[in-house]
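Participant: The file below is structure03.cif, mmCIF, C-alpha atoms:
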```
data_structure
#
loop_
_atom_site.label_atom_id
_atom_site.label_comp_id
_atom_site.auth_asym_id
_atom_site.auth_seq_id
_atom_site.Cartn_x
_atom_site.Cartn_y
_atom_site.Cartn_z
CA MET A 1 0.00 0.00 0.00
CA ASN A 2 1.33 3.42 -0.96
CA PHE A 3 -0.18 5.81 1.54
CA LEU A 4 -0.31 9.47 0.50
CA LEU A 5 2.47 8.77 -1.97
CA GLN A 6 3.49 11.79 -3.99
CA PRO A 7 4.02 11.17 -7.75
CA ASN A 8 7.20 11.70 -9.74
CA ARG A 9 9.60 10.80 -6.94
CA ALA A 10 12.07 8.82 -9.05
CA SER A 11 14.62 11.63 -8.66
CA ALA A 12 14.59 11.04 -4.90
CA VAL A 13 15.93 7.50 -5.25
CA ALA A 14 19.53 8.61 -4.97
CA LYS A 15 18.90 9.95 -1.46
CA PHE A 16 18.04 6.47 -0.25
CA LEU A 17 20.36 4.22 -2.22
CA SER A 18 23.92 3.13 -1.57
CA SER A 19 26.16 0.91 -3.64
CA THR A 20 27.63 -0.89 -0.60
CA PRO A 21 26.11 -4.41 -0.46
CA VAL A 22 25.96 -4.82 3.33
CA ARG A 23 23.17 -5.28 5.83
CA ARG A 24 22.17 -2.33 7.96
CA ALA A 25 19.39 -1.75 10.47
CA HIS A 26 16.11 -0.96 8.71
CA THR A 27 17.60 -1.45 5.23
CA VAL A 28 17.25 -4.10 2.57
CA ARG A 29 19.16 -4.96 -0.59
CA VAL A 30 17.30 -4.60 -3.87
CA ILE A 31 17.94 -5.40 -7.52
CA LEU A 32 16.95 -2.52 -9.78
CA THR A 33 14.68 -3.59 -12.63
CA LYS A 34 14.42 -0.18 -14.30
CA ASP A 35 17.04 2.32 -15.38
CA LEU A 36 17.22 5.59 -13.46
CA PRO A 37 19.79 7.39 -15.65
CA GLU A 38 19.27 10.75 -13.93
CA ASN A 39 20.83 9.16 -10.84
CA ASN A 40 23.32 6.93 -12.70
CA LEU A 41 21.43 3.86 -11.50
CA TYR A 42 20.67 1.06 -13.93
CA ALA A 43 18.67 -2.15 -14.13
CA GLY A 44 20.54 -5.18 -12.87
CA GLU A 45 22.49 -3.31 -10.21
CA THR A 46 22.13 -4.12 -6.52
CA HIS A 47 21.82 -1.36 -3.92
CA VAL A 48 20.94 -0.91 -0.27
CA VAL A 49 17.69 0.98 0.30
CA LYS A 50 15.65 1.92 3.35
CA ALA A 51 13.16 -0.87 4.06
CA GLY A 52 10.11 1.39 4.04
CA TYR A 53 11.12 3.07 0.79
CA ALA A 54 11.54 -0.30 -0.90
CA ARG A 55 8.26 -1.62 0.47
CA ASN A 56 6.18 1.48 -0.24
CA TYR A 57 7.70 2.77 -3.47
CA LEU A 58 10.34 0.80 -5.37
CA ILE A 59 8.69 -2.62 -5.15
CA PRO A 60 5.06 -1.52 -5.85
CA LYS A 61 6.24 0.64 -8.75
CA LYS A 62 8.09 -2.41 -10.16
CA MET A 63 11.34 -0.49 -10.12
CA ALA A 64 13.15 -3.10 -8.05
CA LEU A 65 13.02 -6.59 -6.54
CA TYR A 66 14.25 -7.75 -3.17
CA ALA A 67 17.76 -9.21 -3.48
CA THR A 68 16.90 -12.83 -2.80
CA HIS A 69 18.50 -15.80 -4.51
CA GLN A 70 15.23 -16.53 -6.36
CA ASN A 71 14.99 -12.97 -7.67
CA PHE A 72 18.57 -13.02 -8.95
CA LEU A 73 17.65 -16.11 -10.94
CA ARG A 74 14.44 -14.42 -12.04
CA VAL A 75 16.30 -11.51 -13.63
CA GLY A 76 18.68 -13.86 -15.44
CA MET A 77 21.64 -13.96 -13.06
CA MET A 78 21.81 -17.74 -13.09
CA LYS A 79 24.52 -18.03 -10.43
CA GLY A 80 22.53 -15.97 -7.99
CA ASP A 81 24.19 -13.48 -5.69
CA PRO A 82 27.53 -14.67 -4.27
CA ASP A 83 27.51 -11.82 -1.73
CA LEU A 84 24.02 -12.50 -0.43
CA ILE A 85 24.10 -13.59 3.19
CA GLU A 86 21.71 -16.46 3.85
CA GLU A 87 19.65 -15.67 6.93
CA THR A 88 19.62 -18.06 9.84
CA GLU A 89 16.46 -19.51 11.35
CA GLU A 90 16.70 -16.98 14.18
CA GLU A 91 17.13 -14.09 11.72
CA ARG A 92 14.13 -15.33 9.75
CA ARG A 93 11.99 -15.47 12.91
CA ILE A 94 13.01 -11.95 13.92
CA ARG A 95 12.36 -10.62 10.40
CA GLU A 96 8.90 -12.20 10.25
CA GLU A 97 8.01 -10.79 13.66
CA ARG A 98 9.22 -7.34 12.60
CA ASP A 99 7.32 -7.51 9.31
CA SER A 100 4.17 -8.62 11.12
CA ASP A 101 4.51 -5.73 13.55
CA GLU A 102 5.01 -3.29 10.67
CA ASP A 103 1.91 -4.66 8.91
CA LEU A 104 -0.15 -4.14 12.05
CA LYS A 105 1.14 -0.59 12.46
CA ALA A 106 0.33 0.18 8.82
CA ALA A 107 -3.22 -1.17 9.25
CA ASP A 108 -3.76 0.79 12.47
CA PHE A 109 -2.46 3.96 10.80
CA LEU A 110 -4.80 3.56 7.84
CA ARG A 111 -7.72 2.77 10.17
CA TYR A 112 -7.04 5.97 12.10
CA TYR A 113 -6.75 7.99 8.89
CA LEU A 114 -10.07 6.69 7.55
CA ARG A 115 -12.00 6.91 10.83
CA ASN A 116 -13.82 10.14 9.88
CA LYS A 117 -13.60 9.94 6.08
CA THR A 118 -16.17 8.86 3.50
CA LEU A 119 -15.33 7.85 -0.06
CA LYS A 120 -17.82 9.45 -2.45
CA ILE A 121 -18.81 8.16 -5.87
CA TRP A 122 -21.31 10.06 -7.98
CA ARG A 123 -23.82 8.46 -10.35
CA ASN A 124 -26.76 9.69 -12.43
CA VAL A 125 -30.36 8.62 -11.79
CA ASP A 126 -33.03 8.73 -14.49
CA ILE A 127 -35.73 10.61 -12.58
CA ALA A 128 -38.18 10.43 -15.50
CA ASN A 129 -38.35 6.63 -15.26
CA ILE A 130 -39.10 6.57 -11.54
CA THR A 131 -41.67 9.35 -11.41
CA GLY A 132 -45.01 7.77 -10.52
CA SER A 133 -43.49 4.29 -10.42
CA GLY A 134 -43.37 4.01 -6.65
CA ILE A 135 -39.60 3.52 -6.73
CA SER A 136 -37.69 5.67 -4.26
CA MET A 137 -34.67 7.73 -5.28
CA GLU A 138 -32.43 5.44 -3.20
CA ASP A 139 -33.67 2.34 -5.03
CA ALA A 140 -33.57 3.83 -8.52
CA PRO A 141 -31.06 2.30 -10.98
CA ILE A 142 -27.88 4.31 -11.37
CA HIS A 143 -25.85 5.05 -14.49
CA PRO A 144 -23.40 5.10 -16.16
CA GLY A 145 -22.57 1.64 -14.89
CA MET A 146 -22.68 0.01 -11.49
CA VAL A 147 -20.16 0.63 -8.71
CA THR A 148 -17.56 -2.17 -8.45
CA HIS A 149 -14.38 -2.85 -6.49
CA GLU A 150 -12.43 -1.35 -9.40
CA ASN A 151 -14.32 1.95 -9.09
CA VAL A 152 -13.62 2.01 -5.35
CA ARG A 153 -9.91 1.28 -5.86
CA GLU A 154 -9.64 4.07 -8.44
CA LYS A 155 -11.42 6.58 -6.20
CA LEU A 156 -9.26 5.60 -3.25
CA SER A 157 -6.23 6.66 -5.25
CA LYS A 158 -7.69 9.86 -6.69
CA GLN A 159 -9.79 11.03 -3.77
CA LEU A 160 -7.97 9.84 -0.65
CA LYS A 161 -4.46 9.36 -2.14
CA ILE A 162 -4.26 5.69 -1.14
CA ASP A 163 -2.71 3.34 -3.70
CA LEU A 164 -3.24 -0.32 -2.85
CA ASP A 165 -0.89 -3.09 -3.92
CA ASP A 166 -2.23 -5.67 -6.38
CA ASN A 167 -2.59 -8.25 -3.61
CA GLU A 168 -4.52 -5.86 -1.35
CA LYS A 169 -8.16 -6.45 -2.20
CA VAL A 170 -11.26 -4.29 -2.02
CA GLN A 171 -14.49 -5.96 -0.89
CA ILE A 172 -17.91 -4.30 -0.89
CA PHE A 173 -20.69 -5.26 1.53
CA PRO A 174 -23.64 -5.83 -0.84
CA LYS A 175 -26.40 -4.24 1.28
CA PRO A 176 -26.79 -0.57 2.25
CA VAL A 177 -25.80 0.46 5.75
CA ASN A 178 -26.53 3.45 7.98
CA PHE A 179 -23.45 5.49 8.85
CA SER A 180 -25.15 6.91 11.95
CA GLU A 181 -25.18 3.40 13.42
CA PHE A 182 -21.40 3.31 13.15
CA ASP A 183 -21.26 6.63 15.01
CA ASP A 184 -23.48 5.30 17.79
CA ASN A 185 -21.66 1.94 18.05
CA GLU A 186 -17.92 2.10 17.37
CA SER A 187 -17.53 -1.70 17.33
CA LEU A 188 -20.33 -2.28 14.79
CA MET A 189 -18.13 -1.71 11.73
CA GLU A 190 -15.48 -4.14 12.99
CA GLU A 191 -18.15 -6.76 13.69
CA MET A 192 -19.57 -6.39 10.17
CA LEU A 193 -16.10 -6.67 8.64
CA LYS A 194 -15.49 -9.94 10.49
CA ASP A 195 -18.84 -11.33 9.31
CA MET A 196 -18.17 -10.64 5.62
CA GLU A 197 -17.46 -13.74 3.54
CA PRO A 198 -13.74 -14.19 2.76
CA LEU A 199 -12.56 -13.52 -0.77
CA THR A 200 -11.54 -16.78 -2.43
CA LYS A 201 -10.83 -18.01 -5.95
CA ASP A 202 -13.63 -20.57 -5.77
CA GLY A 203 -16.07 -18.25 -7.50
CA ASP A 204 -18.68 -18.47 -4.73
CA GLU A 205 -22.11 -17.04 -5.37
CA GLU A 206 -21.96 -14.34 -2.72
CA GLY A 207 -18.54 -12.72 -2.50
CA SER A 208 -15.83 -13.29 -5.09
CA ASP A 209 -15.18 -14.41 -8.64
CA LYS A 210 -12.68 -17.03 -9.82
CA SER A 211 -9.85 -14.48 -9.79
CA GLY A 212 -10.41 -13.82 -6.09
CA GLU A 213 -11.83 -10.34 -6.66
CA CYS A 214 -15.05 -9.02 -5.15
CA LYS A 215 -17.89 -9.38 -7.64
CA VAL A 216 -20.44 -7.23 -5.80
CA GLN A 217 -21.92 -4.56 -8.07
CA LEU A 218 -23.82 -1.72 -6.44
CA LYS A 219 -26.84 -0.72 -8.50
CA ALA A 220 -28.41 1.99 -6.35
CA LEU A 221 -27.58 5.13 -4.40
CA GLY A 222 -26.88 4.82 -0.71
CA GLU A 223 -24.39 4.32 2.09
CA TYR A 224 -22.21 1.19 1.95
CA LEU A 225 -19.36 -0.50 3.78
CA VAL A 226 -16.07 -1.44 2.12
CA LYS A 227 -13.50 -3.87 3.53
CA ILE A 228 -9.87 -3.23 2.53
CA HIS A 229 -7.76 -6.39 2.79
CA LEU A 230 -4.17 -5.51 3.71
CA LYS A 231 -0.89 -7.37 4.04
CA GLY A 232 -0.59 -9.62 7.08
CA ASP A 233 -4.28 -10.61 6.99
CA HIS A 234 -5.31 -7.24 8.39
CA ALA A 235 -8.47 -5.46 7.29
CA VAL A 236 -9.71 -1.89 7.51
CA GLY A 237 -13.23 -0.56 7.05
CA LEU A 238 -14.18 2.33 4.79
CA ARG A 239 -17.44 4.25 4.42
CA LEU A 240 -18.64 4.50 0.82
CA HIS A 241 -21.41 6.88 -0.24
CA VAL A 242 -22.90 6.53 -3.72
CA ILE A 243 -24.45 9.93 -4.37
CA LYS A 244 -26.76 11.36 -7.01
CA ARG A 245 -24.83 13.53 -9.46
#
```
Would you mind writing the structure in this file as structure tokens?
Facilitator:
Amino acid sequence: MNFLLQPNRASAVAKFLSSTPVRRAHTVRVILTKDLPENNLYAGETHVVKAGYARNYLIPKKMALYATHQNFLRVGMMKGDPDLIEETEEERRIREERDSDEDLKAADFLRYYLRNKTLKIWRNVDIANITGSGISMEDAPIHPGMVTHENVREKLSKQLKIDLDDNEKVQIFPKPVNFSEFDDNESLMEEMLKDMEPLTKDGDEEGSDKSGECKVQLKALGEYLVKIHLKGDHAVGLRLHVIKR
């Protein structure tokens, strides 16, 4: 997840990179996969980069890969990395605990950021077709198109400046909710998130398609709940309001 990431930051890479292939606290080695000629950095080179910068920028932007033996083979360096230090079982345990803790902190930070925010998506309603039909404005069909997880992901980026990684999924609760109930009961949103069906690749009828993406399509105006699936099996709730344009 790239949180409040400012665009066009490639020129800042040089501030974080070093050509010395050693381990340091809070740093990781990466293999560049794209040329950055303005900084004299080129694809295939290995550099040391701050762990957060790699995780939040270089890796998601596909500008680099972590310097693991598998990734050296992946980029065509068949002998791997002779300087790569294989981590011990204890180092692996500590790294996994640290990564888990960082994932939890990232989820808590996003949860705090979104606590008083509502994502808004505007749609048209054909008033002429509902006049005298007995259909309420909230139940009237919306256009152009229904609201899907892709629309929510796009608006997250444009409206709230949150860019999710490809493996961080967006899931929409299919029925309207009442935001005032969340205000009156702070635990209600978390309870609803836990009760939502998990996203799987089984193509179940309720929640997800065979690619593991949410297949819910909102067809009417109203207030809805969105579940953002984050790294480390963490989830954060988001208020979504589909509003008449």
Participant: Between A:Lys231, A:Arg239, A:Lys155, A:Lys215, which one has atoms that come closest to A:Asn178, using all atoms listed in the file?
Facilitator: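 Checking each candidate against A:Asn178, we get A:Arg239 as the closest.
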Participant: From the options A:Arg93, A:Arg55, A:Lys50, A:Lys61, which residue's atoms come nearest to A:Ala106, counting all atoms listed in the file?
Facilitator: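 Of A:Arg93, A:Arg55, A:Lys50, A:Lys61, the one nearest A:Ala106, counting all atoms listed in the file, is A:Arg55.
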Participant: So, with all atoms listed in the file as the atoms that count, which of A:Arg111, A:Lys244, A:Lys117, A:Lys62 lies closest to A:Phe179?
Facilitator: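 Result for the nearest residue to A:Phe179: A:Lys117.
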Participant: Counting only C-alpha atoms, which residues sit no farther than 7 Å from the position (-24.5, 5.9, -16.5) in the file's frame? I'd like them as a compact mmCIF listing (two decimals) with C-alpha atoms, in the coordinates of the input.
Facilitator:
```
# COMPACT_ATOMS: atom_id res chain seq x y z
CA ARG A 123 -23.82 8.46 -10.35
CA ASN A 124 -26.76 9.69 -12.43
CA ILE A 142 -27.88 4.31 -11.37
CA HIS A 143 -25.85 5.05 -14.49
CA PRO A 144 -23.40 5.10 -16.16
CA GLY A 145 -22.57 1.64 -14.89
```
Participant: Report as a PyMOL selection string all protein, DNA and RNA residues lying within 7 Å of A:Gly237, evaluated on only C-alpha atoms, omitting residues in the same chain fewer than 6 positions from it.
Facilitator: chain A and resi 189+193+225-228
Participant: List, as a tab-separated table (two decimals) with C-alpha atoms, in the coordinates of the input, every residue that the PyMOL selection byres ((chain A and resi 122) around 9) selects in the file provided.
Facilitator:
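Here's the written file selection_4.tsv:
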```
chain	number	residue	atom	x	y	z
A	120	LYS	CA	-17.82	9.45	-2.45
A	121	ILE	CA	-18.81	8.16	-5.87
A	123	ARG	CA	-23.82	8.46	-10.35
A	124	ASN	CA	-26.76	9.69	-12.43
A	221	LEU	CA	-27.58	5.13	-4.40
A	241	HIS	CA	-21.41	6.88	-0.24
A	242	VAL	CA	-22.90	6.53	-3.72
A	243	ILE	CA	-24.45	9.93	-4.37
A	244	LYS	CA	-26.76	11.36	-7.01
A	245	ARG	CA	-24.83	13.53	-9.46
```
Participant: Could you check how far atom CA of A:Lys219 sits from atom CA of A:Asn116, in Å to one decimal?
Facilitator: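 Atom CA of A:Asn116 lies 25.0 Å from atom CA of A:Lys219.
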Participant: Show which residues sit within 12 Å of A:Phe109, as a ChimeraX atom specification. Count all atoms listed in the file, and ignore same-chain residues fewer than 3 positions away.
Facilitator: /A:1,3-4,102-106,112-115,230,234-236
Participant: Any chance you could export the current selection's C-alpha atoms as a PDB file, keeping the file's coordinate frame?
Facilitator:
```pdb
ATOM      1  CA  MET A   1       0.000   0.000   0.000  1.00  0.00           C
ATOM      2  CA  PHE A   3      -0.180   5.810   1.540  1.00  0.00           C
ATOM      3  CA  LEU A   4      -0.310   9.470   0.500  1.00  0.00           C
ATOM      4  CA  GLU A 102       5.010  -3.290  10.670  1.00  0.00           C
ATOM      5  CA  ASP A 103       1.910  -4.660   8.910  1.00  0.00           C
ATOM      6  CA  LEU A 104      -0.150  -4.140  12.050  1.00  0.00           C
ATOM      7  CA  LYS A 105       1.140  -0.590  12.460  1.00  0.00           C
ATOM      8  CA  ALA A 106       0.330   0.180   8.820  1.00  0.00           C
ATOM      9  CA  TYR A 112      -7.040   5.970  12.100  1.00  0.00           C
ATOM     10  CA  TYR A 113      -6.750   7.990   8.890  1.00  0.00           C
ATOM     11  CA  LEU A 114     -10.070   6.690   7.550  1.00  0.00           C
ATOM     12  CA  ARG A 115     -12.000   6.910  10.830  1.00  0.00           C
ATOM     13  CA  LEU A 230      -4.170  -5.510   3.710  1.00  0.00           C
ATOM     14  CA  HIS A 234      -5.310  -7.240   8.390  1.00  0.00           C
ATOM     15  CA  ALA A 235      -8.470  -5.460   7.290  1.00  0.00           C
ATOM     16  CA  VAL A 236      -9.710  -1.890   7.510  1.00  0.00           C
TER      17      VAL A 236
END
```
Participant: Name the residues captured by the PyMOL selection byres ((chain A and resi 150) around 10) when it is applied to the shown file; answer as a list in words.
Facilitator: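 Applied to this file, the PyMOL selection byres ((chain A and resi 150) around 10) returns Val147, Thr148, His149, Asn151, Val152, Arg153, Glu154, Lys155, Leu156, Lys169, Val170, Gln171, Glu213, Cys214 and Lys215 of chain A.
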Participant: Which residue gives the smallest distance to A:Glu223 among A:Thr200, A:Thr118, A:Ser157, A:Thr33, with all atoms listed in the file counted?
Facilitator: A:Thr118
